[in-house]
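Trainee: Sending over run.cif (mmCIF, C-alpha atoms).
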data_work
loop_
_atom_site.label_atom_id
_atom_site.label_comp_id
_atom_site.auth_asym_id
_atom_site.auth_seq_id
_atom_site.Cartn_x
_atom_site.Cartn_y
_atom_site.Cartn_z
CA MET A 9 207.60 88.84 178.84
CA PRO A 10 204.61 90.33 180.71
CA ARG A 11 206.75 93.42 181.43
CA ILE A 12 206.97 94.15 177.69
CA ALA A 13 203.19 94.04 177.43
CA GLU A 14 202.94 96.46 180.39
CA VAL A 15 205.32 98.91 178.69
CA ARG A 16 203.29 98.69 175.47
CA ASP A 17 200.01 99.35 177.27
CA ALA A 18 201.50 102.30 179.20
CA ALA A 19 202.64 103.97 175.98
CA GLU A 20 199.21 104.36 174.37
CA PRO A 21 198.82 107.97 173.11
CA SER A 22 196.44 110.04 175.23
CA SER A 23 196.78 113.60 173.89
CA GLU A 24 196.37 115.10 170.42
CA GLU A 25 200.11 115.70 170.23
CA GLN A 26 200.88 112.11 171.22
CA ARG A 27 198.35 110.75 168.72
CA ALA A 28 199.90 112.86 165.96
CA ARG A 29 203.34 111.53 166.89
CA HIS A 30 201.98 107.98 166.95
CA VAL A 31 200.54 108.41 163.44
CA ARG A 32 203.86 109.78 162.15
CA MET A 33 205.71 106.75 163.47
CA LEU A 34 203.27 104.36 161.82
CA GLU A 35 203.44 106.29 158.55
CA ALA A 36 207.24 106.27 158.64
CA ALA A 37 207.24 102.51 159.19
CA ILE A 38 204.82 102.05 156.29
CA GLU A 39 206.97 104.15 153.96
CA LEU A 40 210.18 102.32 154.84
CA ALA A 41 208.64 98.84 154.64
CA THR A 42 207.15 99.72 151.25
CA GLU A 43 210.65 100.61 150.02
CA LYS A 44 212.56 97.58 151.34
CA GLU A 45 212.20 94.22 153.09
CA LEU A 46 211.56 94.02 156.82
CA ALA A 47 215.06 92.83 157.75
CA ARG A 48 216.53 96.02 156.28
CA VAL A 49 214.16 98.39 158.08
CA GLN A 50 215.94 99.82 161.11
CA MET A 51 214.19 101.36 164.12
CA HIS A 52 216.52 104.40 164.07
CA GLU A 53 215.44 105.04 160.45
CA VAL A 54 211.80 104.95 161.47
CA ALA A 55 212.45 107.42 164.31
CA LYS A 56 214.40 109.76 162.04
CA ARG A 57 211.75 109.76 159.32
CA ALA A 58 208.98 110.30 161.88
CA GLY A 59 210.90 113.16 163.48
CA VAL A 60 210.99 111.61 166.95
CA ALA A 61 213.73 110.52 169.32
CA ILE A 62 214.62 106.82 169.22
CA GLY A 63 213.59 106.57 172.88
CA THR A 64 210.13 107.86 172.00
CA LEU A 65 209.76 105.22 169.31
CA TYR A 66 210.77 102.45 171.71
CA ARG A 67 208.41 103.77 174.37
CA TYR A 68 205.47 103.16 172.03
CA PHE A 69 206.93 100.16 170.20
CA PRO A 70 209.46 98.11 172.23
CA SER A 71 210.46 96.10 169.15
CA LYS A 72 210.10 96.01 165.38
CA THR A 73 207.49 93.30 165.83
CA HIS A 74 205.40 95.61 168.04
CA LEU A 75 205.72 98.32 165.41
CA PHE A 76 204.59 96.28 162.42
CA VAL A 77 201.79 94.54 164.28
CA ALA A 78 200.53 98.04 165.12
CA VAL A 79 200.85 98.91 161.42
CA MET A 80 198.71 95.85 160.64
CA VAL A 81 196.04 96.99 163.12
CA ASP A 82 196.04 100.44 161.51
CA GLN A 83 195.71 98.99 157.99
CA ILE A 84 192.87 96.67 159.00
CA ASP A 85 191.03 99.59 160.63
CA ARG A 86 191.37 101.51 157.37
CA MET A 87 190.13 98.50 155.40
CA GLY A 88 187.11 98.16 157.66
CA ALA A 89 186.15 101.81 157.25
CA GLY A 90 186.38 101.50 153.46
CA PHE A 91 184.35 98.29 153.34
CA LYS A 92 181.53 99.74 155.46
CA LYS A 93 181.17 102.65 153.08
CA SER A 94 180.78 100.48 149.99
CA ALA A 95 179.20 97.20 151.16
CA PRO A 96 176.58 96.27 148.51
CA PRO A 97 173.17 95.14 149.79
CA GLY A 98 171.53 91.83 148.94
CA GLU A 99 174.60 89.60 148.90
CA SER A 100 174.68 86.21 150.56
CA PRO A 101 176.94 86.08 153.64
CA GLN A 102 179.38 83.83 151.73
CA ASP A 103 179.56 86.23 148.79
CA ALA A 104 179.90 89.27 151.06
CA VAL A 105 182.80 87.74 153.00
CA TYR A 106 184.43 86.53 149.78
CA ASN A 107 184.27 90.02 148.26
CA VAL A 108 185.80 91.55 151.39
CA LEU A 109 188.65 89.02 151.36
CA VAL A 110 189.35 89.52 147.67
CA ARG A 111 189.44 93.30 148.06
CA ALA A 112 191.75 92.93 151.06
CA THR A 113 193.94 90.54 149.08
CA ARG A 114 194.30 92.93 146.15
CA GLY A 115 195.04 95.80 148.50
CA LEU A 116 197.78 93.86 150.28
CA LEU A 117 199.37 92.63 147.07
CA ARG A 118 199.72 96.19 145.78
CA ARG A 119 202.45 96.72 148.41
CA PRO A 120 204.10 93.30 148.73
CA ALA A 121 207.09 94.31 150.87
CA LEU A 122 204.89 96.09 153.40
CA SER A 123 202.38 93.24 153.46
CA THR A 124 205.15 90.70 154.03
CA ALA A 125 206.46 92.81 156.94
CA MET A 126 203.01 93.01 158.54
CA ILE A 127 202.16 89.34 158.07
CA GLN A 128 205.56 88.09 159.25
CA SER A 129 205.35 90.27 162.35
CA THR A 130 201.78 89.29 163.14
CA SER A 131 202.34 85.57 162.61
CA THR A 132 205.32 85.48 164.98
CA ALA A 133 203.90 87.80 167.66
CA ASN A 134 202.90 86.29 170.98
CA VAL A 135 199.76 88.04 172.19
CA ALA A 136 201.06 87.96 175.79
CA SER A 137 203.97 90.24 174.87
CA VAL A 138 202.46 92.00 171.83
CA PRO A 139 198.83 92.75 172.77
CA ASP A 140 198.08 94.34 169.38
CA ALA A 141 198.30 90.85 167.84
CA GLY A 142 194.96 90.10 169.47
CA LYS A 143 193.54 93.31 167.99
CA VAL A 144 194.44 92.07 164.50
CA ASP A 145 192.36 88.93 164.98
CA ARG A 146 189.40 90.74 166.54
CA ALA A 147 189.36 93.57 164.01
CA PHE A 148 189.49 91.29 160.99
CA ARG A 149 186.83 89.01 162.43
CA GLN A 150 184.59 92.04 162.96
CA ILE A 151 185.06 93.16 159.36
CA MET A 152 183.81 89.77 158.16
CA LEU A 153 180.90 89.72 160.61
CA ASP A 154 179.89 93.18 159.42
CA ALA A 155 180.16 92.06 155.79
CA ALA A 156 178.00 89.01 156.48
CA GLY A 157 175.50 91.10 158.45
CA ILE A 158 175.85 89.00 161.59
CA GLU A 159 175.29 90.87 164.84
CA HIS A 160 175.11 87.89 167.20
CA PRO A 161 177.49 85.19 165.92
CA THR A 162 177.21 81.63 167.13
CA GLU A 163 180.22 79.59 168.20
CA GLU A 164 179.99 77.82 164.86
CA ASP A 165 180.14 81.17 163.05
CA LEU A 166 183.21 82.25 164.99
CA THR A 167 184.99 78.94 164.42
CA ALA A 168 184.29 79.05 160.68
CA LEU A 169 185.55 82.63 160.40
CA ARG A 170 188.66 81.87 162.47
CA LEU A 171 189.54 78.97 160.18
CA LEU A 172 188.88 81.10 157.12
CA VAL A 173 191.19 83.88 158.34
CA GLN A 174 193.97 81.39 159.04
CA LEU A 175 193.56 79.91 155.56
CA TRP A 176 193.42 83.37 154.00
CA PHE A 177 196.69 84.45 155.64
CA GLY A 178 198.30 81.29 154.23
CA VAL A 179 197.01 82.07 150.74
CA ILE A 180 198.32 85.65 150.97
CA GLN A 181 201.71 84.40 152.11
CA SER A 182 201.84 81.97 149.19
CA CYS A 183 201.01 84.82 146.80
CA LEU A 184 203.70 87.02 148.29
CA ASN A 185 206.22 84.19 147.96
CA GLY A 186 205.31 83.65 144.31
CA ARG A 187 203.98 80.12 144.85
CA VAL A 188 200.37 80.93 143.96
CA SER A 189 199.08 83.24 141.22
CA ILE A 190 196.52 85.92 142.03
CA PRO A 191 193.74 84.20 140.00
CA ASP A 192 194.45 80.90 141.77
CA ALA A 193 194.49 82.68 145.14
CA GLU A 194 191.09 84.23 144.49
CA SER A 195 189.77 80.86 143.35
CA ASP A 196 191.07 79.26 146.56
CA ILE A 197 189.42 81.97 148.66
CA ARG A 198 186.14 81.43 146.80
CA ARG A 199 186.28 77.70 147.49
CA ALA A 200 187.18 78.26 151.15
CA CYS A 201 184.21 80.58 151.64
CA ASP A 202 181.84 78.10 150.00
CA LEU A 203 183.09 75.22 152.16
CA LEU A 204 183.65 76.90 155.52
CA LEU A 205 180.73 79.33 155.51
CA VAL A 206 178.02 76.98 154.28
CA ASN A 207 176.28 77.08 157.67
CA LEU A 208 177.01 80.71 158.48
CA SER A 209 174.16 82.57 160.14
CA HIS A 210 172.00 84.55 157.73
CA ARG A 211 171.28 88.25 157.90
#
What would you get if you wrote out this structure as structure tokens?
Mentor:
Amino acid sequence: MPRIAEVRDAAEPSSEEQRARHVRMLEAAIELATEKELARVQMHEVAKRAGVAIGTLYRYFPSKTHLFVAVMVDQIDRMGAGFKKSAPPGESPQDAVYNVLVRATRGLLRRPALSTAMIQSTSTANVASVPDAGKVDRAFRQIMLDAAGIEHPTEEDLTALRLLVQLWFGVIQSCLNGRVSIPDAESDIRRACDLLLVNLSHR
């Protein structure tokens, strides 16, 4: 298993050309997973659509799990950039985090097949063999800390946010599976923020 992680680390893009190729592979994966469920997305299709050799794809992403966890990292980075641009001032930390989670929820539910692919891949990825899985956790935690205006989180803050993210992923999965309606999901997220973030550090 550690060898897979070493291959993944060694394949990070370092030149403009490599970064452009990396972006094309992620975009191809996004397009295909938007069109059909994860089980039907084939790595050779991703390589063909991205215009790269299959060996190049596997050098960056040793498995489909690696690929869609990387897609998740990319999507969270995009979310974070969008939230920073439009974060309203004067909100309580609970309200700010709630609004971020609701916006993220609505964004994910607009492309259900892709979101299912990302969440399934992330939830089954072992961080020892798929290092980007750890990036997902750290990036999403940082988005919520930024929303709440917390620069120096306490252990209690981090625990509360970790529990909230785990709950939120469960709510999203239930929505994607048709077991929870969107209004009920947003109500559940509101309640979770009120309960778990009651002692969150203030701005």
Trainee: When the PyMOL selection byres ((chain A and resi 53) around 12) is applied to the file above, which residues end up in the set, as an mmCIF file with C-alpha atoms, keeping the file's coordinate frame?
Mentor:
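Wrote out-v3.cif, looks like this:
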data_model
loop_
_atom_site.group_PDB
_atom_site.id
_atom_site.type_symbol
_atom_site.label_atom_id
_atom_site.label_comp_id
_atom_site.auth_asym_id
_atom_site.auth_seq_id
_atom_site.Cartn_x
_atom_site.Cartn_y
_atom_site.Cartn_z
ATOM 1 C CA MET A 33 205.710 106.750 163.470
ATOM 2 C CA ALA A 36 207.240 106.270 158.640
ATOM 3 C CA ALA A 37 207.240 102.510 159.190
ATOM 4 C CA ILE A 38 204.820 102.050 156.290
ATOM 5 C CA GLU A 39 206.970 104.150 153.960
ATOM 6 C CA LEU A 40 210.180 102.320 154.840
ATOM 7 C CA ALA A 41 208.640 98.840 154.640
ATOM 8 C CA ARG A 48 216.530 96.020 156.280
ATOM 9 C CA VAL A 49 214.160 98.390 158.080
ATOM 10 C CA GLN A 50 215.940 99.820 161.110
ATOM 11 C CA MET A 51 214.190 101.360 164.120
ATOM 12 C CA HIS A 52 216.520 104.400 164.070
ATOM 13 C CA VAL A 54 211.800 104.950 161.470
ATOM 14 C CA ALA A 55 212.450 107.420 164.310
ATOM 15 C CA LYS A 56 214.400 109.760 162.040
ATOM 16 C CA ARG A 57 211.750 109.760 159.320
ATOM 17 C CA ALA A 58 208.980 110.300 161.880
ATOM 18 C CA GLY A 59 210.900 113.160 163.480
ATOM 19 C CA VAL A 60 210.990 111.610 166.950
ATOM 20 C CA ALA A 61 213.730 110.520 169.320
ATOM 21 C CA ILE A 62 214.620 106.820 169.220
ATOM 22 C CA LEU A 65 209.760 105.220 169.310
ATOM 23 C CA LYS A 72 210.100 96.010 165.380
#
Trainee: Using only C-alpha atoms, which residue out of A:Leu116, A:Leu208, A:Val188, A:Leu203 lies closest to A:His160?
Mentor: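 Residue with the minimum atom-to-atom distance to A:His160: A:Leu208.
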Trainee: From the list A:Cys183, A:Leu204, A:Ile84, A:Leu34, which residue is nearest A:Arg146 when using all atoms listed in the file?
Mentor: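 Of the candidates, the smallest distance to A:Arg146 is held by A:Ile84.
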Trainee: What is the distance, in Å and to one decimal place, between atom CA of A:Glu35 and atom CA of A:Leu122?
Mentor: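 Rounded to one decimal, the two atoms are 11.5 Å apart.
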Trainee: Let me know the residues the PyMOL selection byres ((chain A and resi 205) around 10) catches in the file above, as a PyMOL selection string.
Mentor: chain A and resi 101-103+105-106+164-165+167-169+171-172+199-204+206-209
Trainee: My list of candidates is A:Arg67, A:Arg86, A:His74, A:Arg118. Which is closest to A:Gly142 when distances are computed with only C-alpha atoms?
Mentor: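 That would be A:His74, the residue with the smallest distance to A:Gly142.
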Trainee: For A:Leu184, which of A:Arg119, A:Arg111, A:Arg29, A:Lys44 is the closest residue, counting only C-alpha atoms?
Mentor: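 Nearest candidate to A:Leu184 out of A:Arg119, A:Arg111, A:Arg29, A:Lys44: A:Arg119.
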Trainee: Which of these residues is nearest to A:Ser129, using all atoms listed in the file: A:Ser71, A:Ser23, A:Ser189, A:Ser195?
Mentor: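 Checking each of A:Ser71, A:Ser23, A:Ser189, A:Ser195 against A:Ser129, counting all atoms listed in the file, the winner is A:Ser71.
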Trainee: Which value, in Å to one decimal, gives the distance between atom CA of A:Ile151 and atom CA of A:Pro139?
Mentor: 19.2 Å
Trainee: Rounded to one decimal in Å, what is the spacing between atom CA of A:Gln128 and atom CA of A:Val79?
Mentor: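 Computing it gives 12.0 Å between the two atoms.
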Trainee: Out of A:Asp196, A:Glu43, A:Asp145, A:Glu99, which residue has the shortest atom-to-atom distance to A:Ser131 when counting only C-alpha atoms?
Mentor: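 Once distances to A:Ser131 are computed over only C-alpha atoms, the minimum belongs to A:Asp145.
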Trainee: Once the PyMOL selection byres ((chain A and resi 141) around 12) is applied to the coordinates I shared, what remains selected? I want it as a ChimeraX atom specification.
Mentor: /A:13,73-82,84,126-140,142-148
Trainee: Enumerate, as number ranges by chain, the protein, DNA and RNA residues whose atoms approach (211.2, 90.5, 158.0) to within 7 Å, taking into account all atoms listed in the file and the coordinate frame of the file.
Mentor: A: 45-47, 125, 128
Trainee: Residues near A:Asp192, anyone? I mean within 12 Å using all atoms listed in the file, not counting same-chain ones fewer than 6 positions away, as number ranges by chain.
Mentor: A: 110, 179-180, 182-183, 186, 198-199
